[in-house]
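Here is the file work16.json (JSON, C-alpha atoms and all ligand atoms).
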```
[["chain", "number", "residue", "atom", "x", "y", "z"],
["K", 1, "MET", "CA", 19.40, 17.10, -52.79],
["K", 2, "ILE", "CA", 18.23, 20.62, -52.02],
["K", 3, "SER", "CA", 17.83, 21.09, -48.29],
["K", 4, "HIS", "CA", 16.69, 24.71, -48.01],
["K", 5, "ILE", "CA", 16.79, 28.20, -49.44],
["K", 6, "ARG", "CA", 20.13, 29.59, -48.40],
["K", 7, "GLN", "CA", 19.64, 33.22, -49.34],
["K", 8, "VAL", "CA", 17.99, 35.68, -51.69],
["K", 9, "SER", "CA", 19.94, 38.52, -53.35],
["K", 10, "LEU", "CA", 18.08, 41.61, -54.50],
["K", 11, "GLY", "CA", 19.15, 44.65, -56.48],
["K", 12, "VAL", "CA", 17.65, 47.83, -55.01],
["K", 13, "PRO", "CA", 17.86, 51.44, -56.24],
["K", 14, "ASP", "CA", 18.21, 52.99, -52.76],
["K", 15, "LEU", "CA", 20.56, 50.82, -50.76],
["K", 16, "THR", "CA", 20.43, 53.00, -47.63],
["K", 17, "ARG", "CA", 16.63, 52.95, -47.49],
["K", 18, "ALA", "CA", 16.47, 49.24, -48.25],
["K", 19, "ARG", "CA", 19.03, 48.46, -45.55],
["K", 20, "ASP", "CA", 17.03, 50.48, -43.04],
["K", 21, "PHE", "CA", 13.89, 48.55, -43.94],
["K", 22, "TYR", "CA", 15.39, 45.07, -43.69],
["K", 23, "GLU", "CA", 17.65, 45.79, -40.71],
["K", 24, "HIS", "CA", 15.51, 48.01, -38.52],
["K", 25, "GLN", "CA", 11.96, 47.25, -39.61],
["K", 26, "TRP", "CA", 12.05, 43.62, -40.81],
["K", 27, "GLN", "CA", 14.58, 42.88, -38.05],
["K", 28, "LEU", "CA", 17.31, 41.03, -39.89],
["K", 29, "ASP", "CA", 20.85, 41.33, -38.50],
["K", 30, "LEU", "CA", 23.53, 43.30, -40.31],
["K", 31, "VAL", "CA", 26.38, 40.85, -40.86],
["K", 32, "GLY", "CA", 28.49, 42.67, -43.43],
["K", 33, "VAL", "CA", 28.89, 45.63, -45.79],
["K", 34, "ASP", "CA", 31.10, 45.33, -48.87],
["K", 35, "ASP", "CA", 31.35, 48.03, -51.57],
["K", 36, "ASP", "CA", 27.86, 48.19, -53.03],
["K", 37, "ARG", "CA", 26.51, 45.23, -51.05],
["K", 38, "VAL", "CA", 24.84, 44.73, -47.68],
["K", 39, "TYR", "CA", 24.53, 41.30, -46.08],
["K", 40, "LEU", "CA", 21.78, 40.55, -43.57],
["K", 41, "GLY", "CA", 21.32, 37.43, -41.47],
["K", 42, "ALA", "CA", 18.46, 35.87, -39.55],
["K", 43, "GLY", "CA", 18.24, 33.73, -36.41],
["K", 44, "CYS", "CA", 20.03, 30.82, -38.05],
["K", 45, "ALA", "CA", 23.56, 29.72, -38.91],
["K", 46, "GLU", "CA", 23.40, 30.74, -42.58],
["K", 47, "SER", "CA", 26.24, 33.15, -43.28],
["K", 48, "TYR", "CA", 23.54, 35.54, -44.52],
["K", 49, "SER", "CA", 19.92, 35.24, -45.65],
["K", 50, "LEU", "CA", 19.50, 38.41, -47.71],
["K", 51, "ARG", "CA", 21.98, 40.31, -49.87],
["K", 52, "LEU", "CA", 21.16, 43.80, -51.09],
["K", 53, "ARG", "CA", 23.10, 45.36, -53.97],
["K", 54, "SER", "CA", 22.82, 48.86, -55.35],
["K", 55, "THR", "CA", 21.26, 48.76, -58.85],
["K", 56, "SER", "CA", 19.54, 51.30, -61.08],
["K", 57, "GLU", "CA", 16.20, 49.48, -60.84],
["K", 58, "PRO", "CA", 14.83, 46.68, -58.67],
["K", 59, "ARG", "CA", 15.88, 43.23, -59.81],
["K", 60, "VAL", "CA", 16.36, 39.78, -58.39],
["K", 61, "ASP", "CA", 20.09, 39.03, -58.44],
["K", 62, "LEU", "CA", 20.08, 35.48, -57.12],
["K", 63, "LEU", "CA", 18.00, 32.77, -55.57],
["K", 64, "ALA", "CA", 20.48, 30.59, -53.68],
["K", 65, "LEU", "CA", 19.65, 26.99, -52.81],
["K", 66, "ALA", "CA", 21.63, 24.80, -50.44],
["K", 67, "VAL", "CA", 22.54, 21.25, -51.45],
["K", 68, "THR", "CA", 24.10, 18.56, -49.30],
["K", 69, "THR", "CA", 27.40, 17.86, -51.06],
["K", 70, "PRO", "CA", 29.71, 19.29, -53.77],
["K", 71, "ALA", "CA", 28.74, 16.25, -55.87],
["K", 72, "ASP", "CA", 25.15, 17.55, -55.83],
["K", 73, "VAL", "CA", 26.41, 20.88, -57.22],
["K", 74, "ASP", "CA", 28.22, 19.05, -60.03],
["K", 75, "ALA", "CA", 25.20, 16.85, -60.81],
["K", 76, "ILE", "CA", 22.89, 19.87, -61.12],
["K", 77, "ALA", "CA", 25.43, 21.68, -63.30],
["K", 78, "GLU", "CA", 25.60, 18.65, -65.61],
["K", 79, "ARG", "CA", 21.81, 18.53, -65.90],
["K", 80, "VAL", "CA", 21.63, 22.26, -66.69],
["K", 81, "ALA", "CA", 24.39, 21.92, -69.32],
["K", 82, "ARG", "CA", 22.36, 19.28, -71.17],
["K", 83, "ARG", "CA", 19.28, 21.51, -71.52],
["K", 84, "SER", "CA", 18.41, 23.94, -74.26],
["K", 85, "ASP", "CA", 16.03, 26.00, -72.07],
["K", 86, "ALA", "CA", 18.58, 26.90, -69.37],
["K", 87, "ARG", "CA", 22.14, 28.21, -69.31],
["K", 88, "LEU", "CA", 25.14, 27.88, -67.01],
["K", 89, "VAL", "CA", 26.55, 31.23, -65.88],
["K", 90, "GLY", "CA", 29.87, 29.54, -65.11],
["K", 91, "LEU", "CA", 31.34, 26.19, -64.21],
["K", 92, "PRO", "CA", 31.11, 24.83, -60.66],
["K", 93, "GLY", "CA", 33.86, 26.19, -58.44],
["K", 94, "PRO", "CA", 34.72, 28.05, -55.26],
["K", 95, "ARG", "CA", 31.94, 30.36, -54.15],
["K", 96, "GLN", "CA", 33.13, 33.99, -54.03],
["K", 97, "GLU", "CA", 30.80, 35.26, -51.33],
["K", 98, "PRO", "CA", 30.92, 35.43, -47.51],
["K", 99, "GLY", "CA", 30.88, 31.87, -46.20],
["K", 100, "GLY", "CA", 32.75, 30.48, -49.20],
["K", 101, "GLY", "CA", 31.91, 26.95, -50.26],
["K", 102, "TYR", "CA", 31.43, 25.34, -53.65],
["K", 103, "ALA", "CA", 28.75, 26.55, -56.04],
["K", 104, "VAL", "CA", 27.42, 26.89, -59.54],
["K", 105, "ARG", "CA", 25.22, 29.61, -60.97],
["K", 106, "PHE", "CA", 22.81, 29.15, -63.85],
["K", 107, "HIS", "CA", 19.69, 30.59, -65.44],
["K", 108, "ASP", "CA", 16.50, 28.60, -65.04],
["K", 109, "CYS", "CA", 13.93, 28.27, -67.84],
["K", 110, "ASP", "CA", 12.58, 31.79, -67.15],
["K", 111, "GLY", "CA", 16.10, 33.30, -67.01],
["K", 112, "ARG", "CA", 16.29, 33.72, -63.24],
["K", 113, "THR", "CA", 19.79, 33.36, -61.84],
["K", 114, "LEU", "CA", 19.97, 30.47, -59.39],
["K", 115, "GLU", "CA", 22.94, 29.37, -57.29],
["K", 116, "VAL", "CA", 23.30, 25.96, -55.71],
["K", 117, "SER", "CA", 26.03, 25.58, -53.12],
["K", 118, "ALA", "CA", 27.51, 23.21, -50.57],
["K", 119, "GLY", "CA", 30.17, 23.49, -47.88],
["K", 120, "VAL", "CA", 29.31, 27.08, -46.94],
["K", 121, "ASP", "CA", 30.66, 28.15, -43.55],
["K", 122, "GLN", "CA", 28.16, 28.64, -40.78],
["K", 123, "ARG", "CA", 27.92, 31.89, -38.86],
["K", 124, "ALA", "CA", 27.90, 32.41, -35.11],
["K", 125, "TYR", "CA", 24.50, 33.98, -34.59],
["K", 126, "GLU", "CA", 22.39, 35.23, -31.78],
["K", 127, "PRO", "CA", 19.78, 32.52, -31.12],
["K", 128, "LEU", "CA", 16.22, 33.70, -30.76],
["K", 129, "ALA", "CA", 14.81, 33.70, -27.26],
["K", 130, "ALA", "CA", 11.20, 32.63, -26.80],
["K", 131, "THR", "CA", 8.90, 35.53, -27.73],
["K", 132, "ASP", "CA", 11.59, 37.06, -30.03],
["K", 133, "THR", "CA", 9.88, 38.34, -33.17],
["K", 134, "ARG", "CA", 12.96, 38.38, -35.41],
["K", 135, "PRO", "CA", 12.89, 36.06, -38.44],
["K", 136, "VAL", "CA", 14.44, 32.63, -37.96],
["K", 137, "GLY", "CA", 15.34, 32.34, -41.65],
["K", 138, "ILE", "CA", 13.82, 32.00, -45.09],
["K", 139, "SER", "CA", 10.79, 29.71, -45.19],
["K", 140, "HIS", "CA", 9.94, 29.78, -48.88],
["K", 141, "VAL", "CA", 9.93, 31.84, -52.05],
["K", 142, "VAL", "CA", 7.04, 32.26, -54.49],
["K", 143, "LEU", "CA", 7.85, 33.05, -58.10],
["K", 144, "ASN", "CA", 5.69, 34.45, -60.90],
["K", 145, "THR", "CA", 6.03, 32.59, -64.17],
["K", 146, "VAL", "CA", 4.56, 32.81, -67.66],
["K", 147, "ASP", "CA", 4.47, 29.01, -68.11],
["K", 148, "ILE", "CA", 3.77, 27.21, -64.87],
["K", 149, "GLN", "CA", 3.99, 23.69, -66.31],
["K", 150, "ARG", "CA", 7.36, 24.41, -67.88],
["K", 151, "SER", "CA", 8.65, 25.85, -64.58],
["K", 152, "ARG", "CA", 7.26, 22.89, -62.63],
["K", 153, "ARG", "CA", 8.96, 20.40, -64.96],
["K", 154, "PHE", "CA", 12.28, 22.27, -64.82],
["K", 155, "TYR", "CA", 12.36, 22.34, -61.03],
["K", 156, "GLU", "CA", 11.38, 18.67, -60.89],
["K", 157, "ASP", "CA", 13.83, 17.45, -63.55],
["K", 158, "VAL", "CA", 16.87, 19.62, -62.80],
["K", 159, "LEU", "CA", 16.55, 20.29, -59.08],
["K", 160, "GLY", "CA", 14.59, 17.31, -57.75],
["K", 161, "PHE", "CA", 11.54, 19.18, -56.46],
["K", 162, "LYS", "CA", 8.25, 17.31, -55.97],
["K", 163, "VAL", "CA", 4.77, 18.75, -56.32],
["K", 164, "SER", "CA", 3.00, 19.02, -52.96],
["K", 165, "ASP", "CA", -0.28, 20.57, -54.15],
["K", 166, "TRP", "CA", -1.92, 22.75, -56.75],
["K", 167, "VAL", "CA", -4.52, 25.48, -56.47],
["K", 168, "GLU", "CA", -6.50, 24.92, -59.66],
["K", 169, "ASP", "CA", -4.03, 25.21, -62.53],
["K", 170, "TYR", "CA", -2.35, 28.49, -61.57],
["K", 171, "PHE", "CA", -0.50, 27.86, -58.28],
["K", 172, "CYS", "CA", 1.95, 24.99, -57.82],
["K", 173, "PHE", "CA", 3.63, 24.20, -54.47],
["K", 174, "LEU", "CA", 6.98, 22.39, -54.62],
["K", 175, "ARG", "CA", 8.99, 20.70, -51.88],
["K", 176, "THR", "CA", 12.26, 18.81, -51.49],
["K", 177, "GLY", "CA", 11.55, 17.43, -48.01],
["K", 178, "PRO", "CA", 8.75, 17.38, -45.47],
["K", 179, "ALA", "CA", 8.18, 21.17, -45.53],
["K", 180, "HIS", "CA", 5.08, 21.60, -47.70],
["K", 181, "HIS", "CA", 6.81, 24.11, -49.97],
["K", 182, "LEU", "CA", 10.22, 25.70, -50.40],
["K", 183, "ILE", "CA", 9.28, 27.20, -53.74],
["K", 184, "ALA", "CA", 5.91, 27.82, -55.33],
["K", 185, "PHE", "CA", 5.03, 29.10, -58.78],
["K", 186, "THR", "CA", 2.05, 31.15, -59.76],
["K", 187, "SER", "CA", 0.93, 32.04, -63.27],
["K", 188, "ALA", "CA", 1.51, 35.66, -64.24],
["K", 189, "PRO", "CA", 1.96, 37.80, -67.37],
["K", 190, "HIS", "CA", 5.71, 37.99, -66.67],
["K", 191, "ALA", "CA", 8.42, 36.26, -64.68],
["K", 192, "SER", "CA", 9.21, 38.06, -61.44],
["K", 193, "LEU", "CA", 9.45, 37.63, -57.69],
["K", 194, "ASN", "CA", 6.06, 37.17, -56.03],
["K", 195, "HIS", "CA", 7.36, 37.22, -52.45],
["K", 196, "VAL", "CA", 10.01, 35.96, -50.03],
["K", 197, "ALA", "CA", 8.66, 34.43, -46.81],
["K", 198, "PHE", "CA", 10.58, 34.63, -43.54],
["K", 199, "GLU", "CA", 9.81, 32.19, -40.75],
["K", 200, "VAL", "CA", 9.14, 33.47, -37.24],
["K", 201, "LEU", "CA", 9.06, 31.36, -34.09],
["K", 202, "GLY", "CA", 5.34, 30.83, -33.56],
["K", 203, "ILE", "CA", 1.88, 32.29, -33.98],
["K", 204, "ASP", "CA", 2.20, 34.73, -31.09],
["K", 205, "GLU", "CA", 5.54, 35.99, -32.44],
["K", 206, "PHE", "CA", 3.99, 36.14, -35.93],
["K", 207, "MET", "CA", 1.18, 38.37, -34.70],
["K", 208, "ARG", "CA", 3.52, 40.62, -32.74],
["K", 209, "ALA", "CA", 5.91, 40.92, -35.71],
["K", 210, "THR", "CA", 2.91, 41.84, -37.87],
["K", 211, "GLY", "CA", 1.71, 44.37, -35.31],
["K", 212, "ARG", "CA", 5.16, 45.89, -34.90],
["K", 213, "MET", "CA", 5.34, 46.58, -38.63],
["K", 214, "MET", "CA", 1.85, 48.10, -38.63],
["K", 215, "ARG", "CA", 2.62, 50.32, -35.63],
["K", 216, "ASN", "CA", 5.77, 51.47, -37.40],
["K", 217, "GLY", "CA", 3.63, 52.71, -40.27],
["K", 218, "HIS", "CA", 4.11, 49.93, -42.82],
["K", 219, "PRO", "CA", 0.87, 49.16, -44.60],
["K", 220, "LEU", "CA", -0.12, 45.52, -44.37],
["K", 221, "ILE", "CA", -0.63, 44.50, -47.98],
["K", 222, "TRP", "CA", -2.45, 41.29, -47.13],
["K", 223, "GLY", "CA", -3.11, 39.47, -43.87],
["K", 224, "PRO", "CA", -2.95, 38.49, -41.13],
["K", 225, "GLY", "CA", -4.38, 35.14, -42.13],
["K", 226, "ARG", "CA", -3.68, 31.45, -42.43],
["K", 227, "HIS", "CA", -3.54, 29.74, -45.80],
["K", 228, "GLY", "CA", -5.55, 26.58, -46.29],
["K", 229, "VAL", "CA", -3.03, 24.95, -48.61],
["K", 230, "GLY", "CA", 0.26, 24.67, -46.69],
["K", 231, "ASP", "CA", -1.46, 25.69, -43.43],
["K", 232, "ASN", "CA", 0.98, 28.56, -42.85],
["K", 233, "THR", "CA", 0.12, 31.98, -41.49],
["K", 234, "PHE", "CA", 0.70, 35.06, -43.64],
["K", 235, "SER", "CA", 1.26, 38.79, -43.35],
["K", 236, "TYR", "CA", 2.65, 40.50, -46.43],
["K", 237, "PHE", "CA", 4.47, 43.83, -46.44],
["K", 238, "SER", "CA", 6.30, 45.72, -49.16],
["K", 239, "ASP", "CA", 9.88, 46.95, -49.07],
["K", 240, "PRO", "CA", 9.25, 50.65, -49.77],
["K", 241, "SER", "CA", 12.59, 51.07, -51.56],
["K", 242, "SER", "CA", 11.94, 48.45, -54.24],
["K", 243, "GLY", "CA", 8.36, 47.23, -53.99],
["K", 244, "PHE", "CA", 9.46, 43.64, -53.36],
["K", 245, "VAL", "CA", 6.95, 41.81, -51.19],
["K", 246, "MET", "CA", 8.06, 40.09, -47.97],
["K", 247, "GLU", "CA", 6.01, 37.74, -45.82],
["K", 248, "TYR", "CA", 6.12, 36.82, -42.17],
["K", 249, "THR", "CA", 4.97, 33.23, -41.78],
["K", 250, "THR", "CA", 4.96, 30.35, -39.33],
["K", 251, "ALA", "CA", 3.49, 26.88, -38.83],
["K", 252, "LEU", "CA", 4.01, 25.68, -42.41],
["K", 253, "GLN", "CA", 2.67, 22.14, -42.82],
["K", 254, "LEU", "CA", 5.10, 19.23, -42.61],
["K", 255, "VAL", "CA", 3.96, 16.38, -44.83],
["K", 256, "ASP", "CA", 4.59, 12.65, -44.44],
["K", 257, "GLU", "CA", 6.41, 12.08, -47.70],
["K", 258, "SER", "CA", 5.81, 8.32, -47.63],
["K", 259, "THR", "CA", 2.05, 8.79, -47.99],
["K", 260, "TRP", "CA", 1.55, 12.33, -49.33],
["K", 261, "GLU", "CA", -0.47, 12.61, -52.53],
["K", 262, "PRO", "CA", -0.67, 15.99, -54.27],
["K", 263, "GLN", "CA", -4.16, 17.40, -54.62],
["K", 264, "VAL", "CA", -5.69, 20.04, -56.83],
["K", 265, "HIS", "CA", -7.54, 22.47, -54.57],
["K", 266, "ALA", "CA", -10.29, 24.81, -55.67],
["K", 267, "SER", "CA", -9.66, 28.49, -55.00],
["K", 268, "THR", "CA", -12.05, 29.24, -52.13],
["K", 269, "ASP", "CA", -12.18, 31.88, -49.40],
["K", 270, "GLN", "CA", -11.49, 29.11, -46.85],
["K", 271, "GLY", "CA", -8.53, 27.81, -48.85],
["K", 272, "ILE", "CA", -7.04, 31.26, -49.23],
["K", 273, "ASP", "CA", -7.48, 32.17, -45.55],
["K", 274, "GLN", "CA", -8.87, 29.55, -43.18],
["K", 275, "TRP", "CA", -9.07, 32.13, -40.35],
["K", 276, "GLY", "CA", -11.03, 34.64, -42.42],
["K", 277, "THR", "CA", -9.13, 37.53, -40.81],
["K", 278, "SER", "CA", -7.26, 38.91, -43.83],
["K", 279, "ASN", "CA", -8.38, 41.69, -46.13],
["K", 280, "PRO", "CA", -9.74, 40.50, -49.50],
["K", 281, "LEU", "CA", -7.28, 39.21, -52.09],
["K", 282, "ASP", "CA", -8.15, 42.03, -54.48],
["K", 283, "ASP", "CA", -6.50, 43.56, -57.54],
["K", 284, "ALA", "CA", -4.26, 45.80, -55.42],
["K", 285, "VAL", "CA", -2.89, 42.81, -53.49],
["K", 286, "ARG", "CA", -2.41, 40.78, -56.67],
["K", 287, "SER", "CA", -0.69, 43.71, -58.38],
["K", 288, "SER", "CA", 1.80, 44.13, -55.52],
["K", 289, "MET", "CA", 2.69, 40.45, -55.67],
["K", 290, "ARG", "CA", 2.87, 40.33, -59.45],
["K", 291, "GLY", "CA", 5.52, 43.06, -59.35],
["K", 292, "ARG", "CA", 7.17, 44.33, -62.49],
["K", 293, "PRO", "CA", 8.93, 42.34, -65.21],
["K", 294, "ASP", "CA", 12.32, 41.52, -63.73],
["K", 295, "PRO", "CA", 15.20, 43.22, -65.59],
["K", 296, "GLY", "CA", 17.54, 40.62, -64.07],
["K", 297, "LEU", "CA", 16.31, 37.78, -66.28],
["K", 298, "TRP", "CA", 19.08, 36.19, -68.39],
["K", 299, "THR", "CA", 21.45, 38.80, -66.89],
["K", 300, "PRO", "CA", 23.58, 37.40, -64.08],
["K", 301, "PRO", "CA", 24.64, 39.79, -61.34],
["K", 302, "PRO", "CA", 28.26, 40.94, -61.66],
["K", 303, "VAL", "CA", 29.02, 39.56, -58.20],
["M", 1, "FE", "FE", 4.16, 32.62, -48.90]]
```
Here is a file; write its structure as structure tokens.
Ligand SMILES: [Fe+2]
Amino acid sequence: MISHIRQVSLGVPDLTRARDFYEHQWQLDLVGVDDDRVYLGAGCAESYSLRLRSTSEPRVDLLALAVTTPADVDAIAERVARRSDARLVGLPGPRQEPGGGYAVRFHDCDGRTLEVSAGVDQRAYEPLAATDTRPVGISHVVLNTVDIQRSRRFYEDVLGFKVSDWVEDYFCFLRTGPAHHLIAFTSAPHASLNHVAFEVLGIDEFMRATGRMMRNGHPLIWGPGRHGVGDNTFSYFSDPSSGFVMEYTTALQLVDESTWEPQVHASTDQGIDQWGTSNPLDDAVRSSMRGRPDPGLWTPPPV
């Protein structure tokens, strides 16, 4: 059973610039530096929430999902091993990253490298005070895919996700618990990262985090607004070192899983932004979130 997104690992061509962005602008906490890697944490007990690694071009190294027990890791590995459209990177075993634990890495049906892990040590962290605008942790990740039905089926069959909602036939929200979505897929010409969303404490903190970024000279790609589907607020910014898109969000809908029925929503202005405060979702916004074809597909990170 997948409980949450543990961390995201990104390859970035300018590690110093990327670290400055995520540590000093996005306000994650530096928790470790190791050779060519930087580990950043949020206001939660995860050993880290974002890993940056120096690479020649931007790539997604890993999307790491937390499961409840080592038996869950083994069960997912067995399901991956039986499929022809996915590939194990290695066998389940001790996790070789800060926090340790037990993990397996594999490529999903688009070639992304995923890690599922259990038994990872928690970190002593500085809890957020009320009004603190630092991120609490990762809320969700949205992925671009060339075949949204294939991706949906893979995440349902191998990882136990359930569909929460669709927007027409091109945006699929997936959950593993009451949070409306941990992962969502959107149709695109290539597989890549659409964005990583970080949770902040509340709407006031969300607006002040958004405003802090704007005052510090970071162009707001899209927002501030509040999505209709999922009900969460959104402000999207771009990491200037890599172009990866990051979101501040809060107030994501919690569904009653005993009664929830997925719906197919039309794409409307109200559905996209119920507040009506964001800039238009135009080609420039879509292009930023589509990103470039990910050179990390079917190529696991060396660490
Ligand atoms: Fe999002």
*asked:* Quick check, in Å to one decimal: how far apart do CA of His24 in chain K and CA of Tyr39 in chain K lie?
replied: 13.5 Å
*Which protein, DNA or RNA residues have an atom within 7 Å of ligand FE 1 (chain M), counting only C-alpha atoms and all ligand atoms, as a list in words?*
His140, Val141, Val142, His195, Val196, Ala197, Phe234 and Glu247 of chain K
Excluding range 285-297 of chain K and residues on its chain fewer than 5 positions from it, collect all residues at most 10 Å away from it, counting all atoms listed in the file, and give them as a short mmCIF file (atom, residue, chain, number, x, y, z; two decimals) with C-alpha atoms, in the frame of the given file.
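File written: out_3.cif
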```cif
data_model
loop_
_atom_site.label_atom_id
_atom_site.label_comp_id
_atom_site.auth_asym_id
_atom_site.auth_seq_id
_atom_site.Cartn_x
_atom_site.Cartn_y
_atom_site.Cartn_z
CA LEU K 10 18.08 41.61 -54.50
CA GLY K 11 19.15 44.65 -56.48
CA GLU K 57 16.20 49.48 -60.84
CA PRO K 58 14.83 46.68 -58.67
CA ARG K 59 15.88 43.23 -59.81
CA VAL K 60 16.36 39.78 -58.39
CA ASP K 61 20.09 39.03 -58.44
CA LEU K 62 20.08 35.48 -57.12
CA HIS K 107 19.69 30.59 -65.44
CA ASP K 108 16.50 28.60 -65.04
CA CYS K 109 13.93 28.27 -67.84
CA ASP K 110 12.58 31.79 -67.15
CA GLY K 111 16.10 33.30 -67.01
CA ARG K 112 16.29 33.72 -63.24
CA THR K 113 19.79 33.36 -61.84
CA VAL K 142 7.04 32.26 -54.49
CA LEU K 143 7.85 33.05 -58.10
CA ASN K 144 5.69 34.45 -60.90
CA THR K 145 6.03 32.59 -64.17
CA THR K 186 2.05 31.15 -59.76
CA SER K 187 0.93 32.04 -63.27
CA ALA K 188 1.51 35.66 -64.24
CA PRO K 189 1.96 37.80 -67.37
CA HIS K 190 5.71 37.99 -66.67
CA ALA K 191 8.42 36.26 -64.68
CA SER K 192 9.21 38.06 -61.44
CA LEU K 193 9.45 37.63 -57.69
CA ASN K 194 6.06 37.17 -56.03
CA HIS K 195 7.36 37.22 -52.45
CA LEU K 220 -0.12 45.52 -44.37
CA ILE K 221 -0.63 44.50 -47.98
CA TRP K 222 -2.45 41.29 -47.13
CA TYR K 236 2.65 40.50 -46.43
CA PHE K 237 4.47 43.83 -46.44
CA SER K 238 6.30 45.72 -49.16
CA SER K 242 11.94 48.45 -54.24
CA GLY K 243 8.36 47.23 -53.99
CA PHE K 244 9.46 43.64 -53.36
CA VAL K 245 6.95 41.81 -51.19
CA MET K 246 8.06 40.09 -47.97
CA ASN K 279 -8.38 41.69 -46.13
CA PRO K 280 -9.74 40.50 -49.50
#
```
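Between CA of Thr69 in chain K and CA of Val120 in chain K there is a distance of 10.3 Å.
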*Is there a way to get, as a ChimeraX atom specification, all residues within 10 Å of the point (9.8, 35.9, -27.1) in file coordinates, counting only C-alpha atoms?*
/K:128-134,201-202,204-205,208
*In Å to one decimal, how far is CA of Gln270 in chain K from CA of Gly230 in chain K?*
12.6 Å
Where's the centre, and what are the edge lengths in Å to one decimal, of a box along x, y and z enclosing all listed atoms of range 214-232 of chain K padded 3 Å per side, as lines of an AutoDock Vina configuration file?
```
center_x = 0.1
center_y = 38.7
center_z = -42.1
size_x = 17.3
size_y = 34.0
size_z = 19.0
```
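When only C-alpha atoms are used to compute distances to Met1 in chain K, the closest of the residues K:Gly119, K:Gly160, K:Pro135, K:Gly93 turns out to be K:Gly160.
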_Closest of K:Ser47, K:Ser84, K:Ser139, K:Ser164 to Gln263 in chain K - atom-to-atom distances counting only C-alpha atoms_ = K:Ser164
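Every protein or nucleic acid residue with an atom no more than 9 Å from range 154-157 of chain K, counting all atoms listed in the file and leaving out same-chain residues fewer than 3 positions away, appears here: K:Arg79, K:Asp85, K:Asp108, K:Cys109, K:Gln149, K:Arg150, K:Ser151, K:Gly160, K:Phe161, K:Lys162, K:Val163, K:Leu174.
The smallest atom-to-atom distance between Met214 in chain K and any of K:Ala75, K:Leu63, K:Ser235, K:Ser241, using all atoms listed in the file, is found for K:Ser235.
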*Using all atoms listed in the file, pick whichever of K:Pro178, K:Tyr22, K:Arg212, K:Val12 has the shortest atom-to-atom distance to Ser54 in chain K.*
K:Val12
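Of the residues under consideration (K:Asp20, K:Asp35, K:Glu168, K:Asp121), K:Asp121 shows the shortest atom-to-atom contact distance to Arg6 in chain K when counting all atoms listed in the file.
The residue that comes closest to Asp231 in chain K, out of K:Val33, K:Ala103, K:Leu254, K:Val80 and on the basis of all atoms listed in the file, is K:Leu254.
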*Which neighbours of Ala64 in chain K fall inside 8 Å, counting all atoms listed in the file, when residues of the same chain fewer than 4 positions from it are skipped, and could you give them as an MDAnalysis selection string?*
chainID K and resid 5:9 114:117
